[in-house]
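What follows is the content of structure-v6.cif (mmCIF, C-alpha atoms and all ligand atoms).
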```cif
data_run
loop_
_atom_site.label_atom_id
_atom_site.label_comp_id
_atom_site.auth_asym_id
_atom_site.auth_seq_id
_atom_site.Cartn_x
_atom_site.Cartn_y
_atom_site.Cartn_z
CA MET A 1 75.45 -49.25 53.17
CA THR A 2 73.16 -46.55 54.51
CA LEU A 3 69.49 -46.18 53.71
CA ASN A 4 70.12 -43.26 51.40
CA ASN A 5 72.38 -45.34 49.21
CA ALA A 6 69.48 -47.66 48.53
CA PHE A 7 68.15 -44.93 46.22
CA SER A 8 69.80 -44.80 42.85
CA GLU A 9 69.15 -41.03 42.63
CA GLU A 10 71.81 -38.56 43.66
CA PHE A 11 69.33 -35.88 44.70
CA GLU A 12 66.46 -35.59 47.07
CA PHE A 13 63.89 -32.88 47.67
CA ILE A 14 63.22 -31.10 50.94
CA CYS A 15 60.40 -28.79 51.96
CA SER A 16 61.90 -25.73 53.62
CA ASP A 17 58.64 -25.09 55.52
CA CYS A 18 57.95 -28.48 57.15
CA GLY A 19 61.15 -30.39 56.47
CA LYS A 20 59.48 -33.31 54.66
CA ARG A 21 61.87 -35.18 52.35
CA TYR A 22 61.08 -36.65 48.95
CA SER A 23 62.97 -38.86 46.54
CA GLU A 24 63.23 -37.58 42.99
CA SER A 25 60.34 -39.76 41.79
CA GLU A 26 58.16 -38.78 44.76
CA ALA A 27 58.83 -35.10 44.01
CA ALA A 28 57.77 -35.64 40.40
CA GLN A 29 54.53 -37.27 41.62
CA VAL A 30 53.61 -34.19 43.68
CA GLY A 31 54.68 -31.78 40.92
CA SER A 32 57.53 -30.49 43.09
CA PHE A 33 55.14 -28.88 45.60
CA CYS A 34 55.05 -30.19 49.18
CA ASN A 35 51.96 -32.30 50.00
CA SER A 36 52.45 -32.76 53.76
CA ASP A 37 49.46 -32.07 56.03
CA LEU A 38 51.00 -28.74 56.94
CA CYS A 39 51.81 -27.62 53.40
CA ALA A 40 49.18 -29.40 51.27
CA ASP A 41 47.33 -26.17 50.47
CA SER A 42 50.18 -23.68 50.48
CA MET A 43 52.06 -24.60 47.25
CA THR A 44 55.49 -24.67 48.85
CA LEU A 45 58.07 -25.45 46.17
CA LEU A 46 60.46 -28.26 47.17
CA GLN A 47 64.16 -27.57 47.20
CA ARG A 48 66.45 -29.96 45.35
CA VAL A 49 69.47 -30.97 47.37
CA ARG A 50 72.29 -33.45 46.84
CA ILE A 51 72.04 -36.50 49.08
CA THR A 52 74.75 -36.64 51.75
CA PRO A 53 74.79 -40.22 53.07
CA PRO A 54 77.44 -40.66 55.87
CA GLN A 55 76.06 -39.89 59.33
CA GLU A 56 79.29 -38.49 60.77
CA GLU A 57 79.26 -35.87 58.11
CA GLU A 58 75.72 -34.86 59.05
CA ILE A 59 76.63 -34.41 62.73
CA PHE A 60 79.68 -32.46 61.72
CA GLU A 61 77.53 -30.29 59.51
CA GLU A 62 75.08 -29.66 62.34
CA GLU A 63 77.89 -28.49 64.60
CA ALA A 64 79.32 -26.35 61.88
CA GLU A 65 75.88 -24.93 61.31
CA SER A 66 75.42 -23.80 64.92
CA GLU A 67 78.95 -22.41 64.98
CA LYS A 68 78.06 -20.50 61.86
CA GLU A 69 74.89 -19.18 63.48
CA ILE A 70 76.82 -17.90 66.49
CA ALA A 71 79.40 -16.32 64.21
CA VAL A 72 76.66 -14.66 62.19
CA ALA A 73 74.94 -13.34 65.33
CA ALA A 74 78.25 -12.02 66.64
CA ALA A 75 78.83 -10.30 63.31
CA VAL A 76 75.43 -8.64 63.59
CA VAL A 77 76.29 -7.28 67.03
CA GLU A 78 79.69 -6.11 65.78
CA GLU A 79 78.15 -4.40 62.77
CA ALA A 80 75.52 -2.81 65.00
CA LYS A 81 78.23 -1.40 67.26
CA ASN A 82 80.02 0.05 64.25
CA VAL A 83 76.81 1.70 63.15
CA ALA A 84 76.32 3.11 66.65
CA GLU A 85 79.84 4.59 66.59
CA THR A 86 79.29 6.13 63.18
CA VAL A 87 76.02 7.60 64.36
CA GLU A 88 77.77 9.14 67.37
CA VAL A 89 80.36 10.82 65.17
CA VAL A 90 77.70 12.06 62.81
CA ALA A 91 75.62 13.35 65.74
CA GLU A 92 78.58 15.31 67.10
CA GLU A 93 79.23 16.90 63.77
CA LYS A 94 75.66 17.95 63.48
CA THR A 95 75.04 19.58 66.88
CA ASP A 96 76.55 22.81 65.53
CA ASN A 97 73.57 23.31 63.31
CA GLU A 98 71.03 23.72 66.10
CA GLU A 99 69.47 26.85 64.66
CA GLU A 100 69.10 25.46 61.20
CA LYS A 101 67.67 22.35 62.72
CA ALA A 102 64.90 24.24 64.46
CA GLN A 103 63.89 25.85 61.20
CA LYS A 104 63.58 22.55 59.48
CA GLU A 105 61.60 20.95 62.28
CA GLU A 106 58.28 21.43 60.52
CA ASN A 107 59.34 19.73 57.32
CA LYS A 108 60.97 16.88 59.16
CA ASP A 109 58.00 15.75 61.15
CA GLU A 110 56.01 14.93 58.05
CA GLY A 111 58.54 12.52 56.62
CA LEU A 112 59.74 11.28 59.94
CA GLY A 113 56.94 8.90 60.87
CA GLU A 114 57.40 7.12 57.60
CA LYS A 115 61.19 7.10 57.93
CA GLU A 116 60.99 5.78 61.46
CA LYS A 117 58.83 2.95 60.23
CA GLU A 118 61.28 2.22 57.44
CA VAL A 119 64.23 2.18 59.80
CA ASP A 120 62.34 0.00 62.25
CA GLU A 121 61.38 -2.46 59.55
CA ALA A 122 64.89 -2.53 58.12
CA ILE A 123 66.40 -3.23 61.54
CA THR A 124 63.78 -5.80 62.43
CA SER A 125 64.17 -7.75 59.24
CA ALA A 126 67.99 -7.60 59.35
CA VAL A 127 68.14 -8.83 62.92
CA GLU A 128 65.35 -11.38 62.50
CA GLU A 129 66.97 -12.83 59.44
CA GLU A 130 70.27 -13.37 61.18
CA VAL A 131 69.04 -14.76 64.48
CA GLU A 132 65.94 -16.58 63.29
CA GLU A 133 67.49 -20.01 63.86
CA ASP A 134 69.44 -19.01 66.93
CA LYS A 135 68.66 -20.89 70.10
CA ASN A 136 71.14 -18.99 72.28
CA GLU A 137 68.89 -16.89 74.52
CA SER A 138 71.50 -14.68 76.17
CA LEU A 139 72.91 -13.76 72.80
CA GLU A 140 69.44 -12.88 71.63
CA GLU A 141 69.00 -10.63 74.66
CA THR A 142 72.26 -8.86 73.88
CA ILE A 143 71.14 -8.34 70.32
CA GLN A 144 67.77 -7.05 71.50
CA GLU A 145 69.41 -4.50 73.80
CA ASP A 146 71.81 -3.39 71.10
CA ARG A 147 68.98 -3.22 68.70
CA GLU A 148 66.99 -0.80 70.86
CA GLU A 149 70.05 1.37 71.43
CA ILE A 150 70.98 1.46 67.76
CA LYS A 151 67.40 2.05 66.72
CA ASP A 152 67.23 5.24 68.79
CA GLU A 153 70.52 6.46 67.46
CA VAL A 154 69.75 5.65 63.84
CA ILE A 155 66.44 7.50 64.21
CA GLU A 156 68.32 10.51 65.58
CA GLU A 157 70.55 10.41 62.53
CA VAL A 158 67.58 10.17 60.22
CA LYS A 159 66.00 13.16 61.96
CA GLU A 160 69.10 15.14 61.03
CA GLU A 161 69.04 13.93 57.46
CA VAL A 162 65.41 14.49 56.71
CA LYS A 163 65.30 17.98 55.29
CA THR A 164 62.37 17.79 52.95
CA PRO A 165 60.16 14.74 52.65
CA THR A 166 61.41 12.75 49.63
CA ILE A 167 59.22 9.76 50.34
CA LYS A 168 56.99 8.41 47.61
CA ALA A 169 53.62 10.04 48.09
CA PRO A 170 50.45 9.36 46.15
CA LYS A 171 49.28 12.37 44.14
CA ILE A 172 45.82 13.35 45.24
CA SER A 173 43.59 14.93 42.67
CA PRO A 174 40.60 16.52 44.43
CA VAL A 175 38.40 16.37 41.31
CA LYS A 176 38.30 12.57 41.15
CA LYS A 177 38.20 12.00 44.89
CA GLU A 178 35.21 9.67 44.83
CA ARG A 179 37.09 7.09 42.76
CA ILE A 180 38.78 4.17 44.50
CA GLU A 181 42.56 4.31 44.25
CA VAL A 182 43.88 0.99 43.04
CA GLY A 183 47.06 -0.80 42.05
CA LEU A 184 47.10 -3.29 39.19
CA GLY A 185 49.36 -6.26 38.43
CA ILE A 186 48.99 -7.67 34.91
CA LEU A 187 50.45 -11.16 34.37
CA VAL A 188 50.77 -12.25 30.75
CA CYS A 189 51.53 -15.98 30.56
CA ASP A 190 52.99 -17.86 27.61
CA THR A 191 50.58 -20.76 27.05
CA SER A 192 52.32 -22.25 24.02
CA GLY A 193 52.75 -26.02 23.86
CA SER A 194 56.39 -25.94 24.87
CA MET A 195 55.29 -25.00 28.40
CA GLU A 196 54.45 -28.70 28.73
CA ASP A 197 58.19 -29.51 28.47
CA TYR A 198 60.13 -30.33 31.60
CA ALA A 199 61.38 -27.27 33.44
CA ILE A 200 64.69 -28.51 34.76
CA GLU A 201 66.89 -31.18 33.25
CA GLY A 202 66.46 -34.49 35.05
CA GLN A 203 63.14 -33.52 36.67
CA ARG A 204 59.89 -34.80 35.28
CA ILE A 205 57.92 -31.64 36.09
CA PRO A 206 56.41 -29.54 33.28
CA LYS A 207 57.19 -25.82 33.20
CA LEU A 208 53.48 -25.07 33.21
CA THR A 209 52.99 -26.89 36.54
CA LEU A 210 55.89 -25.07 38.19
CA VAL A 211 54.87 -21.68 36.83
CA ALA A 212 51.15 -22.03 37.70
CA GLY A 213 52.13 -23.07 41.23
CA SER A 214 54.53 -20.14 41.61
CA VAL A 215 52.01 -17.63 40.25
CA ALA A 216 49.43 -18.95 42.71
CA ARG A 217 51.88 -18.92 45.62
CA GLY A 218 53.01 -15.38 44.78
CA ILE A 219 49.42 -14.13 44.68
CA TRP A 220 48.54 -16.06 47.83
CA ASP A 221 51.35 -14.27 49.67
CA LEU A 222 49.33 -11.10 49.08
CA VAL A 223 46.20 -12.81 50.44
CA GLU A 224 48.15 -13.74 53.57
CA TYR A 225 50.23 -10.62 54.17
CA MET A 226 48.29 -7.63 52.83
CA SER A 227 46.09 -5.46 55.02
CA GLU A 228 42.33 -5.57 54.39
CA PHE A 229 42.61 -2.02 53.03
CA GLY A 230 45.27 -3.12 50.55
CA LYS A 231 43.47 -6.31 49.50
CA GLU A 232 40.43 -4.33 48.44
CA ARG A 233 42.56 -2.08 46.23
CA ALA A 234 45.15 -4.43 44.73
CA TYR A 235 43.86 -5.79 41.43
CA ILE A 236 45.34 -8.63 39.41
CA ALA A 237 44.64 -9.37 35.75
CA LEU A 238 45.60 -12.84 34.50
CA CYS A 239 46.17 -13.18 30.76
CA GLY A 240 47.59 -15.74 28.38
CA PHE A 241 49.03 -15.59 24.88
CA ASN A 242 50.04 -17.96 22.12
CA LYS A 243 48.66 -17.17 18.66
CA LYS A 244 46.61 -14.39 20.28
CA ALA A 245 46.21 -12.93 23.76
CA ASP A 246 43.16 -13.02 26.05
CA VAL A 247 42.24 -12.31 29.65
CA PHE A 248 41.72 -15.69 31.36
CA LYS A 249 38.18 -16.62 32.35
CA ASP A 250 37.50 -17.43 35.99
CA PRO A 251 35.62 -20.64 36.95
CA GLN A 252 32.31 -18.75 36.47
CA GLY A 253 33.29 -17.64 32.98
CA ASN A 254 34.00 -14.00 33.88
CA SER A 255 37.25 -12.17 33.14
CA PHE A 256 39.98 -12.77 35.68
CA ILE A 257 40.50 -9.15 36.75
CA LYS A 258 40.06 -9.40 40.50
CA SER A 259 41.09 -7.73 43.71
CA VAL A 260 43.14 -9.77 46.18
CA MET A 261 40.08 -9.66 48.43
CA GLU A 262 37.90 -11.25 45.73
CA ILE A 263 40.55 -13.92 45.14
CA GLU A 264 40.60 -14.71 48.85
CA LYS A 265 36.80 -15.13 48.82
CA GLU A 266 36.65 -17.23 45.65
CA PHE A 267 39.55 -19.63 46.19
CA SER A 268 40.04 -21.84 49.24
CA SER A 269 43.85 -22.08 49.19
CA ALA A 270 47.01 -21.48 47.18
CA ARG A 271 46.68 -25.04 45.86
CA ASN A 272 43.10 -24.41 44.78
CA LEU A 273 44.23 -21.24 42.96
CA ALA A 274 47.16 -23.12 41.37
CA GLU A 275 44.79 -25.76 40.01
CA TYR A 276 42.61 -23.07 38.51
CA ILE A 277 45.58 -21.23 36.91
CA SER A 278 47.02 -24.46 35.53
CA ASN A 279 43.62 -25.36 34.01
CA ALA A 280 43.16 -21.84 32.61
CA MET A 281 46.57 -22.06 30.92
CA LYS A 282 45.78 -25.45 29.43
CA ALA A 283 42.35 -24.28 28.27
CA HIS A 284 44.01 -21.32 26.57
CA GLN A 285 46.26 -23.66 24.63
CA GLU A 286 43.13 -25.05 22.97
CA TYR A 287 44.55 -28.46 22.44
CA VAL A 288 44.55 -31.77 24.26
CA PRO A 289 48.05 -32.84 25.29
CA GLY A 290 48.84 -36.29 24.03
CA ASN A 291 45.79 -36.42 21.72
CA LEU A 292 47.55 -37.60 18.58
CA ILE A 293 44.54 -37.45 16.26
CA LYS A 294 43.80 -33.82 17.13
CA GLU A 295 47.50 -32.95 16.85
CA THR A 296 47.69 -34.46 13.38
CA LEU A 297 44.48 -32.83 12.21
CA LEU A 298 45.39 -29.37 13.42
CA GLY A 299 49.00 -29.65 12.38
CA LYS A 300 50.77 -26.34 12.14
CA GLN A 301 47.60 -24.30 12.62
CA ASN A 302 47.46 -25.54 16.21
CA THR A 303 47.63 -22.48 18.46
CA LYS A 304 50.20 -24.17 20.68
CA ASN A 305 52.88 -23.69 18.01
CA PHE A 306 52.64 -19.92 18.11
CA THR A 307 54.19 -17.24 20.26
CA ASN A 308 52.71 -13.83 19.48
CA VAL A 309 54.52 -11.51 21.89
CA THR A 310 53.13 -8.44 20.09
CA ASP A 311 49.54 -9.44 20.91
CA GLY A 312 50.44 -10.16 24.55
CA LEU A 313 51.92 -6.65 24.83
CA ARG A 314 48.98 -5.09 22.99
CA LEU A 315 46.50 -6.60 25.47
CA ALA A 316 48.60 -5.71 28.52
CA HIS A 317 49.01 -2.12 27.38
CA GLU A 318 45.27 -1.75 26.69
CA LEU A 319 44.53 -3.09 30.18
CA LYS A 320 46.98 -0.61 31.67
CA GLU A 321 45.45 2.30 29.73
CA SER A 322 41.91 1.33 30.76
CA CYS A 323 43.01 1.27 34.40
CA LEU A 324 44.58 4.73 34.04
CA LYS A 325 41.33 5.99 32.52
CA GLY A 326 39.48 4.54 35.51
CA ASP A 327 37.24 2.12 33.66
CA MET A 328 38.14 -1.50 32.93
CA THR A 329 34.60 -2.63 32.10
CA PRO A 330 35.42 -3.19 28.37
CA PHE A 331 37.65 -6.05 29.62
CA GLY A 332 35.25 -7.24 32.31
CA GLY A 333 37.10 -5.41 35.07
CA PRO A 334 36.11 -2.78 37.66
CA SER A 335 35.00 0.78 36.95
CA ASN A 336 35.21 4.00 38.95
CA ILE A 337 38.84 3.34 39.84
CA ARG A 338 41.99 5.40 39.70
CA ALA A 339 45.55 4.16 39.52
CA VAL A 340 47.69 5.58 42.31
CA GLU A 341 50.73 7.40 41.01
CA ASP A 342 54.03 7.38 42.86
CA VAL A 343 56.86 9.83 42.54
CA CYS A 344 60.10 7.87 42.36
CA LEU A 345 63.69 9.09 42.65
CA THR A 346 66.13 7.78 40.03
CA PRO A 347 69.76 6.94 40.90
CA GLU A 348 70.64 10.26 39.19
CA GLY A 349 68.31 12.12 41.57
CA ASP A 350 65.57 12.92 39.04
CA SER A 351 61.99 12.39 40.06
CA VAL A 352 59.71 10.44 37.75
CA ASN A 353 56.01 9.61 37.93
CA VAL A 354 55.27 5.90 38.11
CA PRO A 355 51.70 4.60 37.97
CA ASN A 356 51.03 1.84 40.48
CA ILE A 357 50.66 -0.69 37.67
CA ARG A 358 53.05 -3.49 36.74
CA CYS A 359 52.97 -5.80 33.79
CA LEU A 360 54.97 -9.02 33.71
CA ILE A 361 55.15 -10.99 30.49
CA TYR A 362 56.97 -14.29 30.32
CA SER A 363 57.83 -16.62 27.49
CA ASP A 364 59.84 -19.75 26.81
CA GLY A 365 60.13 -19.27 23.06
CA SER A 366 60.64 -16.51 20.56
CA HIS A 367 58.10 -14.36 18.75
CA ASN A 368 56.97 -16.18 15.58
CA TYR A 369 53.48 -14.89 14.73
CA PRO A 370 52.43 -13.21 12.51
CA ASN A 371 55.15 -14.83 10.42
CA LYS A 372 58.29 -12.74 9.73
CA THR A 373 57.26 -9.83 11.98
CA THR A 374 59.23 -8.18 14.74
CA ILE A 375 57.80 -7.37 18.18
CA THR A 376 55.82 -4.16 18.54
CA ASN A 377 56.09 -2.85 22.09
CA PRO A 378 53.60 -0.09 22.99
CA PHE A 379 55.16 0.27 26.48
CA ALA A 380 58.29 1.71 24.85
CA ASN A 381 56.39 4.95 24.12
CA ASP A 382 55.26 5.49 27.71
CA GLU A 383 56.80 8.14 29.95
CA THR A 384 57.76 5.39 32.41
CA SER A 385 57.49 1.83 31.14
CA VAL A 386 56.04 -0.58 33.70
CA LEU A 387 56.78 -3.68 31.61
CA MET A 388 58.84 -6.46 33.16
CA SER A 389 59.74 -9.65 31.33
CA ALA A 390 60.89 -13.14 32.21
CA PHE A 391 62.31 -15.89 30.02
CA PHE A 392 62.40 -19.62 30.71
CA GLY A 393 65.36 -21.10 28.90
CA LYS A 394 68.91 -20.51 27.78
CA GLU A 395 70.64 -17.17 28.14
CA ASP A 396 72.04 -17.21 24.57
CA SER A 397 68.67 -17.88 22.92
CA ARG A 398 66.78 -15.51 20.64
CA GLY A 399 63.77 -15.58 22.97
CA PHE A 400 65.79 -14.22 25.88
CA LYS A 401 67.25 -11.43 23.74
CA GLN A 402 63.68 -10.48 22.77
CA MET A 403 62.38 -10.51 26.35
CA GLU A 404 65.40 -8.48 27.43
CA SER A 405 64.84 -5.89 24.68
CA ILE A 406 61.24 -5.10 25.67
CA ALA A 407 61.78 -4.72 29.43
CA CYS A 408 61.72 -1.44 31.33
CA ILE A 409 64.58 0.01 33.34
CA CYS A 410 63.81 0.10 37.08
CA PRO A 411 63.32 3.80 37.89
CA LYS A 412 64.70 3.29 41.39
CA HIS A 413 67.77 1.13 40.68
CA GLY A 414 68.52 1.77 37.00
CA GLU A 415 68.53 -2.01 36.40
CA PRO A 416 66.64 -3.78 33.59
CA GLY A 417 63.32 -5.33 34.65
CA THR A 418 64.09 -8.67 33.03
CA PHE A 419 64.49 -12.08 34.64
CA LEU A 420 66.19 -15.19 33.25
CA VAL A 421 64.88 -18.49 34.63
CA ASN A 422 67.30 -21.25 33.70
CA ASN A 423 67.89 -23.36 36.80
CA ALA A 424 66.21 -24.75 39.89
CA GLU A 425 67.23 -21.80 42.06
CA ARG A 426 65.70 -19.28 39.64
CA TYR A 427 62.46 -21.29 39.62
CA HIS A 428 62.47 -20.89 43.38
CA GLN A 429 62.66 -17.09 43.03
CA LEU A 430 59.55 -17.03 40.85
CA ARG A 431 57.26 -16.89 43.87
CA GLY A 432 58.83 -13.55 44.84
CA LEU A 433 58.76 -12.27 41.26
CA PHE A 434 55.06 -13.06 40.87
CA ARG A 435 54.30 -11.57 44.29
CA MET A 436 56.16 -8.37 43.38
CA SER A 437 54.48 -7.96 40.00
CA SER A 438 50.99 -8.95 41.26
CA GLY A 439 51.32 -6.48 44.12
CA ALA A 440 52.72 -3.78 41.78
CA SER A 441 55.63 -3.24 44.15
CA GLY A 442 58.90 -3.38 42.20
CA PHE A 443 60.70 -3.67 38.86
CA CYS A 444 64.10 -5.35 39.02
CA LYS A 445 66.12 -8.01 40.83
CA TYR A 446 67.01 -5.49 43.56
CA CYS A 447 63.30 -4.87 44.19
CA LEU A 448 62.53 -8.58 44.77
CA PRO A 449 61.26 -9.53 48.24
CA ARG A 450 64.08 -11.01 50.32
CA ASP A 451 62.17 -13.66 52.24
CA VAL A 452 61.70 -16.21 49.45
ZN ZN A 501 56.14 -28.93 53.55
ZN ZN A 502 64.54 -2.04 41.27
#
```

Hey, can you dump this file as C-alpha cells for me?
Amino acid sequence: MTLNNAFSEEFEFICSDCGKRYSESEAAQVGSFCNSDLCADSMTLLQRVRITPPQEEEIFEEEAESEKEIAVAAAVVEEAKNVAETVEVVAEEKTDNEEEKAQKEENKDEGLGEKEKEVDEAITSAVEEEVEEDKNESLEETIQEDREEIKDEVIEEVKEEVKTPTIKAPKISPVKKERIEVGLGILVCDTSGSMEDYAIEGQRIPKLTLVAGSVARGIWDLVEYMSEFGKERAYIALCGFNKKADVFKDPQGNSFIKSVMEIEKEFSSARNLAEYISNAMKAHQEYVPGNLIKETLLGKQNTKNFTNVTDGLRLAHELKESCLKGDMTPFGGPSNIRAVEDVCLTPEGDSVNVPNIRCLIYSDGSHNYPNKTTITNPFANDETSVLMSAFFGKEDSRGFKQMESIACICPKHGEPGTFLVNNAERYHQLRGLFRMSSGASGFCKYCLPRDV
C-alpha cells in the first residue's frame, strides 16, 4: 500500500504556483488558498485533483507529458510555417497595388505602431504558452528563429491590411482636458446568508471565502501588472447587496471607491485585501453567523434572507452615471474625473461607443425583495449596457435565469456577459473574471484573460 492510499480521500489539492500538495482536510483548513512561504500572501487558489497512487503510472505520465510538450512545440513550428507560407502568397498578390499602397502610407503609419504591438504580443503569448515548460533548448532556438521570421512577415501583411486605423481610440474632448481620464470597475457582491454555504460539494469551504479571495486576487493582478500610469487611473468600487445595496466601507470607514494605486498603498498583500473584503461582506450581512439567539430574534427580518437585485443595480447604475458626470463625491469617490470612451466594432461591423466602465453583479439566489416584485434594470436603457452578471449555483435555477436576463451583450463578440459558476473549474476562472471587470477590460467569456 502506498502512502497516498493511507488517506481515505480520493482527491488532493495542488498549488499550481509552488507545487505544494494538500489533503482535502488541509485544503479546507487554509480555505482552499495556498499558504506556503512563497504563496502565503498571494491568494493562489488550490486546484483539486484526483489522487493517482501507483508510481509506475506517475513515471509513465511524466514521459507522456514531455512527449506531449515536444509534440506541442513541433505543432507550433508547423503552424508558424503555414502562416509564413500564407503570408508569402498574400504578399505576392498584393505587390500589384504599389501605387495604391503609397497613397495609403499616411493612414497606415498611425495604426501601425499599435498593430505591430498587438501582433508582437499575440505571437509572444502564443509561443510562450506553448513552450513555457519546454526544456529542449535547440527546439526553443528553432522556434525563436521562426518566430522572428514570421513576425516580420506577419507585420508586412498587417501593413497591407491597415487601410484606415480601426483601433479603439479614446475620444478627446478639448473642453474638459484638465480632468483626469479614468476607468471604473464596479463590483456588486451578494452578501446574503447563503454565501456562507459550501461552494463545491464535498469541500468545506464557504462561497464567501472563495469569492472574497478571488476578488482580491483579481484586483491584486492589476496591482502587479498595471503600469503606474494605469494604476492611478483605474478605479474600483466595491459594493454589497442583500435587503439593500451599499458601497463597502474601507478599514478607515470611508467608501471603497479607490484607484489601484491607492489599493496598493493601503493593503500589504492579496491576502490582506482578501481578509478585508471577506470582513466587509460579513459586516454587510449584519448578522453573526452561528449566533442562534440573534437569529431567532431577528427571524425573517434578518437582512441575510433577502436578495434585492433591483437595489444592487440601482446603486451600480448611479455610480456609473456619477463617474460619467465626472463627480463621484456624493458616494465618497473622486471628483474632477472623466470616463474614457472607446469606440468598439461589433461583429456586424458597426461602431458603438463604450464607456470605460464595467459593472459586475453576482448572486447565488433569486430576487425576493421587495416581496412579489420583478427586477428593474436601469442598464437596459443605456446606449451600450456595461452590466455583466455571474451566478453561483445550478444552471436550471430561477436565479441564473434572472442573472442571465439582465446581462449585456459583449459589443465586440456578440456574446452575453453572463457567467455561470457551478463547479471547481469555474471557481478557478473567477480570478480572471474579477480582474477583467475591475480593470474595465472586457465583457464576455471570449474577453477573459487567458493566463488564469
Ligand atoms: Zn503555492
Ligand atoms: Zn467579449

All residues having an atom within 6 Å of ligand ZN 502 (chain A) (all atoms listed in the file) as a list in words: Cys410, Lys412, His413, Gly442, Phe443, Cys444, Tyr446 and Cys447 of chain A

Env. residues ligand ZN 501 (chain A) / 9 Å / all atoms listed in the file / as an MDAnalysis selection string: chainID A and resid 14:21 33:40 42:46

Residue with smallest distance to Ile257 (chain A) - pool A:Ile186, A:Asn242, A:Glu201, A:Met226, counting only C-alpha atoms: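 With only C-alpha atoms as the atom set, the closest residue is A:Ile186.
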
Among the residues A:Arg50, A:Glu12, A:Val182, A:Ile205, the one that comes closest to Leu324 (chain A) [using only C-alpha atoms]: A:Val182

Between CA of Ala316 (chain A) and CA of Ala339 (chain A), distance in Å (one decimal): 15.1 Å

Pick from A:Ala380, A:Asn422, A:Gly230, A:Pro370 nearest to Ala407 (chain A), counting only C-alpha atoms: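 Counting only C-alpha atoms, the residue closest to Ala407 (chain A) is A:Ala380.
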
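In this structure, CA of Leu420 (chain A) sits 6.4 Å away from CA of Phe392 (chain A).
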
d(CA of Gly218 (chain A), CA of Asp342 (chain A)) in Å: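 Spanning CA of Gly218 (chain A) to CA of Asp342 (chain A) is a straight-line distance of 22.9 Å.
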
Selected residue, from A:Thr310, A:Asp327, A:Pro411, A:Gly417, that lies nearest to Asn371 (chain A) when counting all atoms listed in the file: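 Of the candidates, the smallest distance to Asn371 (chain A) is held by A:Thr310.
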
Within 8 Å of Gly439 (chain A), counting only C-alpha atoms, which residues qualify if same-chain residues fewer than 3 places away don't, as a PDB file with C-alpha atoms, in the coordinates of the input?
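Saved file out_26.pdb follows:
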```pdb
ATOM      1  CA  GLY A 183      47.060  -0.800  42.050  1.00  0.00           C
ATOM      2  CA  LEU A 184      47.100  -3.290  39.190  1.00  0.00           C
ATOM      3  CA  GLY A 185      49.360  -6.260  38.430  1.00  0.00           C
ATOM      4  CA  ILE A 219      49.420 -14.130  44.680  1.00  0.00           C
ATOM      5  CA  LEU A 222      49.330 -11.100  49.080  1.00  0.00           C
ATOM      6  CA  ALA A 234      45.150  -4.430  44.730  1.00  0.00           C
ATOM      7  CA  TYR A 235      43.860  -5.790  41.430  1.00  0.00           C
ATOM      8  CA  ILE A 236      45.340  -8.630  39.410  1.00  0.00           C
ATOM      9  CA  ARG A 435      54.300 -11.570  44.290  1.00  0.00           C
ATOM     10  CA  MET A 436      56.160  -8.370  43.380  1.00  0.00           C
TER      11      MET A 436
END
```

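Distances here use all atoms listed in the file; by that measure, the residue among A:Val260, A:Arg431, A:Phe248, A:Thr209 closest to Glu228 (chain A) is A:Val260.
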
Which of A:Ser385, A:Gly332, A:Ala237, A:Leu210 sits closest to Asn254 (chain A) [using all atoms listed in the file]: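 Between A:Ser385, A:Gly332, A:Ala237, A:Leu210, the residue approaching Asn254 (chain A) most closely is A:Gly332.
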
May I have the centre and edge lengths, in Å to one decimal, of an axis-aligned box around the listed atoms of region 311-315 of chain A with 3 Å added to every side, as AutoDock Vina command-line options?
```
--center_x 49.2 --center_y -7.6 --center_z 23.2 --size_x 11.4 --size_y 11.1 --size_z 10.6
```

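Residues surrounding Ile361 (chain A) within 8 Å are Leu187, Val188, Cys189, Asp190, Gly312, Leu313, Leu387, Met388, Ser389 and Ala390 of chain A [all atoms listed in the file; sequence separation below 6 positions excluded].
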
Please provide as a PDB file with C-alpha atoms, in the frame of the given file all residues within 12 Å of Gly393 (chain A), with the sequence filter that same-chain residues fewer than 3 positions apart are discarded (counting only C-alpha atoms).
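Result file follows (part.pdb):
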```pdb
ATOM      1  CA  SER A 194      56.390 -25.940  24.870  1.00  0.00           C
ATOM      2  CA  MET A 195      55.290 -25.000  28.400  1.00  0.00           C
ATOM      3  CA  ASP A 197      58.190 -29.510  28.470  1.00  0.00           C
ATOM      4  CA  TYR A 198      60.130 -30.330  31.600  1.00  0.00           C
ATOM      5  CA  ALA A 199      61.380 -27.270  33.440  1.00  0.00           C
ATOM      6  CA  ILE A 200      64.690 -28.510  34.760  1.00  0.00           C
ATOM      7  CA  GLU A 201      66.890 -31.180  33.250  1.00  0.00           C
ATOM      8  CA  LYS A 207      57.190 -25.820  33.200  1.00  0.00           C
ATOM      9  CA  TYR A 362      56.970 -14.290  30.320  1.00  0.00           C
ATOM     10  CA  SER A 363      57.830 -16.620  27.490  1.00  0.00           C
ATOM     11  CA  ASP A 364      59.840 -19.750  26.810  1.00  0.00           C
ATOM     12  CA  GLY A 365      60.130 -19.270  23.060  1.00  0.00           C
ATOM     13  CA  SER A 366      60.640 -16.510  20.560  1.00  0.00           C
ATOM     14  CA  ALA A 390      60.890 -13.140  32.210  1.00  0.00           C
ATOM     15  CA  ASP A 396      72.040 -17.210  24.570  1.00  0.00           C
ATOM     16  CA  SER A 397      68.670 -17.880  22.920  1.00  0.00           C
ATOM     17  CA  ARG A 398      66.780 -15.510  20.640  1.00  0.00           C
ATOM     18  CA  GLY A 399      63.770 -15.580  22.970  1.00  0.00           C
ATOM     19  CA  PHE A 400      65.790 -14.220  25.880  1.00  0.00           C
ATOM     20  CA  LYS A 401      67.250 -11.430  23.740  1.00  0.00           C
ATOM     21  CA  MET A 403      62.380 -10.510  26.350  1.00  0.00           C
ATOM     22  CA  PHE A 419      64.490 -12.080  34.640  1.00  0.00           C
ATOM     23  CA  LEU A 420      66.190 -15.190  33.250  1.00  0.00           C
ATOM     24  CA  VAL A 421      64.880 -18.490  34.630  1.00  0.00           C
ATOM     25  CA  ASN A 422      67.300 -21.250  33.700  1.00  0.00           C
ATOM     26  CA  ASN A 423      67.890 -23.360  36.800  1.00  0.00           C
ATOM     27  CA  ALA A 424      66.210 -24.750  39.890  1.00  0.00           C
ATOM     28  CA  ARG A 426      65.700 -19.280  39.640  1.00  0.00           C
ATOM     29  CA  TYR A 427      62.460 -21.290  39.620  1.00  0.00           C
TER      30      TYR A 427
END
```
